[in-house]
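Single-structure report; data block below.
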Amino acid sequence: SDSVCAWANAECYVTTISVLRLSTVGLAGSIPSEIGHLSTLVLLELVQTQITGTLPTELFGIPTLSGLVLSNNRISGTIPTEIGTTLTLRLFALDSNRLTGEIPTEIAQLSLLESITLAENRRIGGLLPNFTSAALLLLDLSVNELKGTVPSVYGTLSSLEILRLFDNRLTGTLPATLGNLSSAVEIDVSVTRMNGTVPIEICNLGLETLVSPCGMLCTCCTLPCFR
């Protein structure tokens, strides 16, 4: 049979697959555990297909995996704790799926993470992990069932540009430490159960987009609250 390097949307170097893009091609079924045999895979991109089933733990054993983009599918189950061993991971996007359970705390150990998107799974719950990656640019966990408070340690995310936590069950106040996010352009915590007052430290950032819940006093929000 033909080499897998001859497959459409596969990019290879020598005889190994490094990039596998199979988006919007009508795939069905689940991701097989054999995906872990692709030991040089850097990027797996399966967007807007008919993929179902759970995330195989073998996927997170690939030592070169840098990008996992599985948005707009029907993937269910929980995020395996094994994600904490994928030390090369930079891009993690599983928005608009059917994931449940909690975000594993192990994900906060990944120091190279630049983008995390788990929006619109609707049933991801538990507490917000204590992300500390200085490389993190985008954190979008909106439209889920996350609870608890926004960790004050988020103020150390020195590269963070976008923080989207809206439409969750979050409580408490916004930590003033978020005023340290000098690279930020957007913070959205609307449609949550948070209260108090938006700290002046956050107002001083001059964000392009700042939206708070209706139960929080905000004198510098760029949009009105949403109910």
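Identifiers for the structure tokens are assigned positionally: chains receive A, B, ... in sequence, residues are indexed from 1 per chain, and ligands are indexed from 1 in the order shown.
Assigned to alpha helix (DSSP H) in chain A, given DSSP computed from backbone atoms, are A:Ile200, A:Glu201, A:Ile202, A:Cys203.
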Skip A:Glu208 itself and residues of its chain fewer than 2 positions away, then list as number ranges by chain all residues within 12 Å of it, counting only C-alpha atoms.
A: 161-162, 183-188, 202-206, 210-211, 220-223
Store the residues picked out above in a file with N, CA, C and O atoms, as a PDB file, in the first residue's frame.
ATOM      1  N   GLU A 161      -3.437  37.389  27.068  1.00  0.00           N
ATOM      2  CA  GLU A 161      -4.125  38.446  26.334  1.00  0.00           C
ATOM      3  C   GLU A 161      -5.642  38.342  26.479  1.00  0.00           C
ATOM      4  O   GLU A 161      -6.327  39.364  26.538  1.00  0.00           O
ATOM      5  N   ILE A 162      -6.170  37.117  26.520  1.00  0.00           N
ATOM      6  CA  ILE A 162      -7.620  36.916  26.544  1.00  0.00           C
ATOM      7  C   ILE A 162      -7.974  35.932  27.652  1.00  0.00           C
ATOM      8  O   ILE A 162      -7.458  34.812  27.687  1.00  0.00           O
ATOM      9  N   SER A 183      -0.478  42.527  29.358  1.00  0.00           N
ATOM     10  CA  SER A 183      -0.678  42.178  27.950  1.00  0.00           C
ATOM     11  C   SER A 183      -2.151  41.953  27.609  1.00  0.00           C
ATOM     12  O   SER A 183      -2.493  41.756  26.438  1.00  0.00           O
ATOM     13  N   ALA A 184      -3.013  41.979  28.599  1.00  0.00           N
ATOM     14  CA  ALA A 184      -4.410  41.617  28.401  1.00  0.00           C
ATOM     15  C   ALA A 184      -5.163  42.645  27.562  1.00  0.00           C
ATOM     16  O   ALA A 184      -4.931  43.853  27.664  1.00  0.00           O
ATOM     17  N   VAL A 185      -6.077  42.133  26.727  1.00  0.00           N
ATOM     18  CA  VAL A 185      -6.982  42.986  25.956  1.00  0.00           C
ATOM     19  C   VAL A 185      -8.450  42.658  26.256  1.00  0.00           C
ATOM     20  O   VAL A 185      -9.340  43.435  25.946  1.00  0.00           O
ATOM     21  N   GLU A 186      -8.694  41.468  26.855  1.00  0.00           N
ATOM     22  CA  GLU A 186     -10.073  41.056  27.110  1.00  0.00           C
ATOM     23  C   GLU A 186     -10.165  40.222  28.386  1.00  0.00           C
ATOM     24  O   GLU A 186      -9.411  39.270  28.570  1.00  0.00           O
ATOM     25  N   ILE A 187     -11.103  40.583  29.250  1.00  0.00           N
ATOM     26  CA  ILE A 187     -11.495  39.780  30.393  1.00  0.00           C
ATOM     27  C   ILE A 187     -13.017  39.751  30.424  1.00  0.00           C
ATOM     28  O   ILE A 187     -13.665  40.801  30.490  1.00  0.00           O
ATOM     29  N   ASP A 188     -13.580  38.559  30.373  1.00  0.00           N
ATOM     30  CA  ASP A 188     -15.039  38.413  30.355  1.00  0.00           C
ATOM     31  C   ASP A 188     -15.450  37.376  31.392  1.00  0.00           C
ATOM     32  O   ASP A 188     -15.161  36.188  31.245  1.00  0.00           O
ATOM     33  N   ILE A 202      -7.692  46.483  37.752  1.00  0.00           N
ATOM     34  CA  ILE A 202      -8.135  45.937  36.460  1.00  0.00           C
ATOM     35  C   ILE A 202      -8.616  47.061  35.558  1.00  0.00           C
ATOM     36  O   ILE A 202      -8.331  47.078  34.358  1.00  0.00           O
ATOM     37  N   CYS A 203      -9.317  48.011  36.129  1.00  0.00           N
ATOM     38  CA  CYS A 203      -9.775  49.166  35.336  1.00  0.00           C
ATOM     39  C   CYS A 203      -8.592  49.897  34.701  1.00  0.00           C
ATOM     40  O   CYS A 203      -8.666  50.362  33.557  1.00  0.00           O
ATOM     41  N   ASN A 204      -7.494  49.979  35.429  1.00  0.00           N
ATOM     42  CA  ASN A 204      -6.326  50.712  34.940  1.00  0.00           C
ATOM     43  C   ASN A 204      -5.643  50.042  33.757  1.00  0.00           C
ATOM     44  O   ASN A 204      -4.778  50.656  33.123  1.00  0.00           O
ATOM     45  N   LEU A 205      -6.020  48.815  33.463  1.00  0.00           N
ATOM     46  CA  LEU A 205      -5.430  48.122  32.308  1.00  0.00           C
ATOM     47  C   LEU A 205      -5.909  48.723  30.986  1.00  0.00           C
ATOM     48  O   LEU A 205      -5.252  48.552  29.961  1.00  0.00           O
ATOM     49  N   GLY A 206      -7.054  49.386  31.001  1.00  0.00           N
ATOM     50  CA  GLY A 206      -7.588  49.950  29.759  1.00  0.00           C
ATOM     51  C   GLY A 206      -7.929  48.888  28.731  1.00  0.00           C
ATOM     52  O   GLY A 206      -7.613  49.028  27.541  1.00  0.00           O
ATOM     53  N   LEU A 210     -14.058  44.389  28.584  1.00  0.00           N
ATOM     54  CA  LEU A 210     -14.182  44.020  29.992  1.00  0.00           C
ATOM     55  C   LEU A 210     -15.666  43.902  30.298  1.00  0.00           C
ATOM     56  O   LEU A 210     -16.406  44.875  30.192  1.00  0.00           O
ATOM     57  N   VAL A 211     -16.098  42.693  30.663  1.00  0.00           N
ATOM     58  CA  VAL A 211     -17.512  42.448  30.954  1.00  0.00           C
ATOM     59  C   VAL A 211     -17.620  41.703  32.278  1.00  0.00           C
ATOM     60  O   VAL A 211     -16.960  40.674  32.470  1.00  0.00           O
ATOM     61  N   CYS A 220     -15.875  50.555  34.869  1.00  0.00           N
ATOM     62  CA  CYS A 220     -15.008  50.673  33.697  1.00  0.00           C
ATOM     63  C   CYS A 220     -15.275  49.609  32.647  1.00  0.00           C
ATOM     64  O   CYS A 220     -14.493  49.431  31.705  1.00  0.00           O
ATOM     65  N   CYS A 221     -16.375  48.880  32.778  1.00  0.00           N
ATOM     66  CA  CYS A 221     -16.700  47.818  31.812  1.00  0.00           C
ATOM     67  C   CYS A 221     -17.036  48.421  30.460  1.00  0.00           C
ATOM     68  O   CYS A 221     -17.624  49.500  30.357  1.00  0.00           O
ATOM     69  N   THR A 222     -16.648  47.707  29.416  1.00  0.00           N
ATOM     70  CA  THR A 222     -16.850  48.213  28.054  1.00  0.00           C
ATOM     71  C   THR A 222     -18.192  47.794  27.482  1.00  0.00           C
ATOM     72  O   THR A 222     -18.633  48.334  26.468  1.00  0.00           O
ATOM     73  N   LEU A 223     -18.840  46.807  28.126  1.00  0.00           N
ATOM     74  CA  LEU A 223     -20.157  46.350  27.684  1.00  0.00           C
ATOM     75  C   LEU A 223     -21.030  46.153  28.911  1.00  0.00           C
ATOM     76  O   LEU A 223     -20.535  45.852  30.004  1.00  0.00           O
TER      77      LEU A 223
END
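Residues surrounding stretch 20-36 of chain A within 8 Å are A:Asn9, A:Ala10, A:Glu11, A:Ile17, A:Ser18, A:Leu38, A:Ser39, A:Leu41, A:Leu43, A:Leu44, A:Glu45, A:Leu46, A:Val47, A:Gln48, A:Thr49, A:Gln50, A:Ile51, A:Thr52, A:Gly53, A:Thr54, A:Leu55, A:Pro56, A:Thr57, A:Glu58, A:Leu59, A:Phe60, A:Gly61, A:Ile62 [only C-alpha atoms; sequence separation below 2 positions excluded].
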Based on the selection just made, write N, CA, C and O atoms of those residues as an mmCIF file, in the first residue's frame.
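To be explicit, this is the file written out as part.cif:
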data_model
loop_
_atom_site.group_PDB
_atom_site.id
_atom_site.type_symbol
_atom_site.label_atom_id
_atom_site.label_comp_id
_atom_site.auth_asym_id
_atom_site.auth_seq_id
_atom_site.Cartn_x
_atom_site.Cartn_y
_atom_site.Cartn_z
ATOM 1 N N ASN A 9 -3.503 15.693 3.304
ATOM 2 C CA ASN A 9 -3.439 16.440 4.561
ATOM 3 C C ASN A 9 -2.404 15.908 5.549
ATOM 4 O O ASN A 9 -2.408 16.293 6.708
ATOM 5 N N ALA A 10 -1.526 15.025 5.116
ATOM 6 C CA ALA A 10 -0.448 14.563 5.990
ATOM 7 C C ALA A 10 0.853 15.193 5.535
ATOM 8 O O ALA A 10 1.177 15.203 4.343
ATOM 9 N N GLU A 11 1.597 15.760 6.474
ATOM 10 C CA GLU A 11 2.892 16.340 6.178
ATOM 11 C C GLU A 11 3.962 15.497 6.854
ATOM 12 O O GLU A 11 3.892 15.258 8.058
ATOM 13 N N ILE A 17 5.110 10.812 10.242
ATOM 14 C CA ILE A 17 4.048 11.816 10.201
ATOM 15 C C ILE A 17 4.288 12.830 11.313
ATOM 16 O O ILE A 17 4.436 12.470 12.473
ATOM 17 N N SER A 18 4.319 14.101 10.945
ATOM 18 C CA SER A 18 4.475 15.145 11.944
ATOM 19 C C SER A 18 3.217 15.998 12.077
ATOM 20 O O SER A 18 2.947 16.528 13.153
ATOM 21 N N LEU A 38 2.153 7.042 16.612
ATOM 22 C CA LEU A 38 2.726 8.125 15.794
ATOM 23 C C LEU A 38 3.671 8.936 16.677
ATOM 24 O O LEU A 38 3.377 10.046 17.106
ATOM 25 N N SER A 39 4.819 8.381 16.926
ATOM 26 C CA SER A 39 5.717 8.902 17.955
ATOM 27 C C SER A 39 6.379 10.221 17.599
ATOM 28 O O SER A 39 7.041 10.829 18.451
ATOM 29 N N LEU A 41 4.476 12.720 15.974
ATOM 30 C CA LEU A 41 3.376 13.632 15.664
ATOM 31 C C LEU A 41 3.511 14.931 16.444
ATOM 32 O O LEU A 41 3.683 14.926 17.666
ATOM 33 N N LEU A 43 1.330 17.862 15.420
ATOM 34 C CA LEU A 43 0.012 18.493 15.402
ATOM 35 C C LEU A 43 -1.045 17.509 14.923
ATOM 36 O O LEU A 43 -0.892 16.897 13.870
ATOM 37 N N LEU A 44 -2.107 17.378 15.713
ATOM 38 C CA LEU A 44 -3.290 16.622 15.301
ATOM 39 C C LEU A 44 -4.461 17.591 15.249
ATOM 40 O O LEU A 44 -4.827 18.194 16.257
ATOM 41 N N GLU A 45 -5.017 17.754 14.058
ATOM 42 C CA GLU A 45 -6.105 18.706 13.858
ATOM 43 C C GLU A 45 -7.292 17.995 13.203
ATOM 44 O O GLU A 45 -7.245 17.626 12.032
ATOM 45 N N LEU A 46 -8.337 17.796 13.984
ATOM 46 C CA LEU A 46 -9.576 17.173 13.517
ATOM 47 C C LEU A 46 -10.719 18.086 13.920
ATOM 48 O O LEU A 46 -11.292 17.943 14.995
ATOM 49 N N VAL A 47 -11.047 19.044 13.093
ATOM 50 C CA VAL A 47 -12.034 20.071 13.416
ATOM 51 C C VAL A 47 -13.303 19.857 12.602
ATOM 52 O O VAL A 47 -13.257 19.617 11.392
ATOM 53 N N GLN A 48 -14.439 19.936 13.296
ATOM 54 C CA GLN A 48 -15.754 19.863 12.671
ATOM 55 C C GLN A 48 -15.910 18.590 11.840
ATOM 56 O O GLN A 48 -16.221 18.630 10.653
ATOM 57 N N THR A 49 -15.699 17.468 12.504
ATOM 58 C CA THR A 49 -15.939 16.168 11.894
ATOM 59 C C THR A 49 -17.056 15.490 12.685
ATOM 60 O O THR A 49 -17.787 16.136 13.423
ATOM 61 N N GLN A 50 -17.180 14.185 12.547
ATOM 62 C CA GLN A 50 -18.186 13.429 13.292
ATOM 63 C C GLN A 50 -17.516 12.528 14.333
ATOM 64 O O GLN A 50 -18.060 11.491 14.717
ATOM 65 N N ILE A 51 -16.328 12.932 14.790
ATOM 66 C CA ILE A 51 -15.586 12.139 15.753
ATOM 67 C C ILE A 51 -16.356 12.051 17.077
ATOM 68 O O ILE A 51 -16.854 13.053 17.595
ATOM 69 N N THR A 52 -16.453 10.836 17.608
ATOM 70 C CA THR A 52 -17.134 10.595 18.878
ATOM 71 C C THR A 52 -16.172 9.871 19.825
ATOM 72 O O THR A 52 -14.982 9.794 19.569
ATOM 73 N N GLY A 53 -16.707 9.342 20.905
ATOM 74 C CA GLY A 53 -15.886 8.579 21.831
ATOM 75 C C GLY A 53 -15.080 9.472 22.758
ATOM 76 O O GLY A 53 -15.306 10.683 22.857
ATOM 77 N N THR A 54 -14.132 8.868 23.448
ATOM 78 C CA THR A 54 -13.332 9.572 24.441
ATOM 79 C C THR A 54 -11.911 9.811 23.929
ATOM 80 O O THR A 54 -11.513 9.275 22.898
ATOM 81 N N LEU A 55 -11.168 10.604 24.675
ATOM 82 C CA LEU A 55 -9.780 10.875 24.319
ATOM 83 C C LEU A 55 -8.907 9.715 24.794
ATOM 84 O O LEU A 55 -8.849 9.440 25.997
ATOM 85 N N PRO A 56 -8.221 9.029 23.888
ATOM 86 C CA PRO A 56 -7.358 7.921 24.321
ATOM 87 C C PRO A 56 -6.163 8.432 25.105
ATOM 88 O O PRO A 56 -5.530 9.417 24.720
ATOM 89 N N THR A 57 -5.844 7.783 26.197
ATOM 90 C CA THR A 57 -4.706 8.207 27.008
ATOM 91 C C THR A 57 -3.408 8.115 26.225
ATOM 92 O O THR A 57 -2.464 8.877 26.484
ATOM 93 N N GLU A 58 -3.355 7.198 25.251
ATOM 94 C CA GLU A 58 -2.146 7.030 24.444
ATOM 95 C C GLU A 58 -1.785 8.298 23.678
ATOM 96 O O GLU A 58 -0.622 8.535 23.368
ATOM 97 N N LEU A 59 -2.785 9.116 23.404
ATOM 98 C CA LEU A 59 -2.548 10.358 22.672
ATOM 99 C C LEU A 59 -1.587 11.262 23.430
ATOM 100 O O LEU A 59 -0.753 11.959 22.833
ATOM 101 N N PHE A 60 -1.660 11.235 24.746
ATOM 102 C CA PHE A 60 -0.842 12.127 25.565
ATOM 103 C C PHE A 60 0.517 11.527 25.907
ATOM 104 O O PHE A 60 1.288 12.123 26.659
ATOM 105 N N GLY A 61 0.797 10.370 25.323
ATOM 106 C CA GLY A 61 2.111 9.771 25.479
ATOM 107 C C GLY A 61 3.037 10.058 24.317
ATOM 108 O O GLY A 61 4.182 9.599 24.300
ATOM 109 N N ILE A 62 2.549 10.823 23.328
ATOM 110 C CA ILE A 62 3.377 11.179 22.167
ATOM 111 C C ILE A 62 4.363 12.263 22.594
ATOM 112 O O ILE A 62 3.955 13.377 22.949
#
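Atom CA of A:Leu181 lies 22.0 Å from atom CA of A:Cys225.
Separating atom CA of A:Thr197 from atom CA of A:Asn168 is a distance of 18.3 Å.
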One decimal, in Å: what's the spacing between atom CA of A:Val42 and atom CA of A:Glu106?
20.4 Å
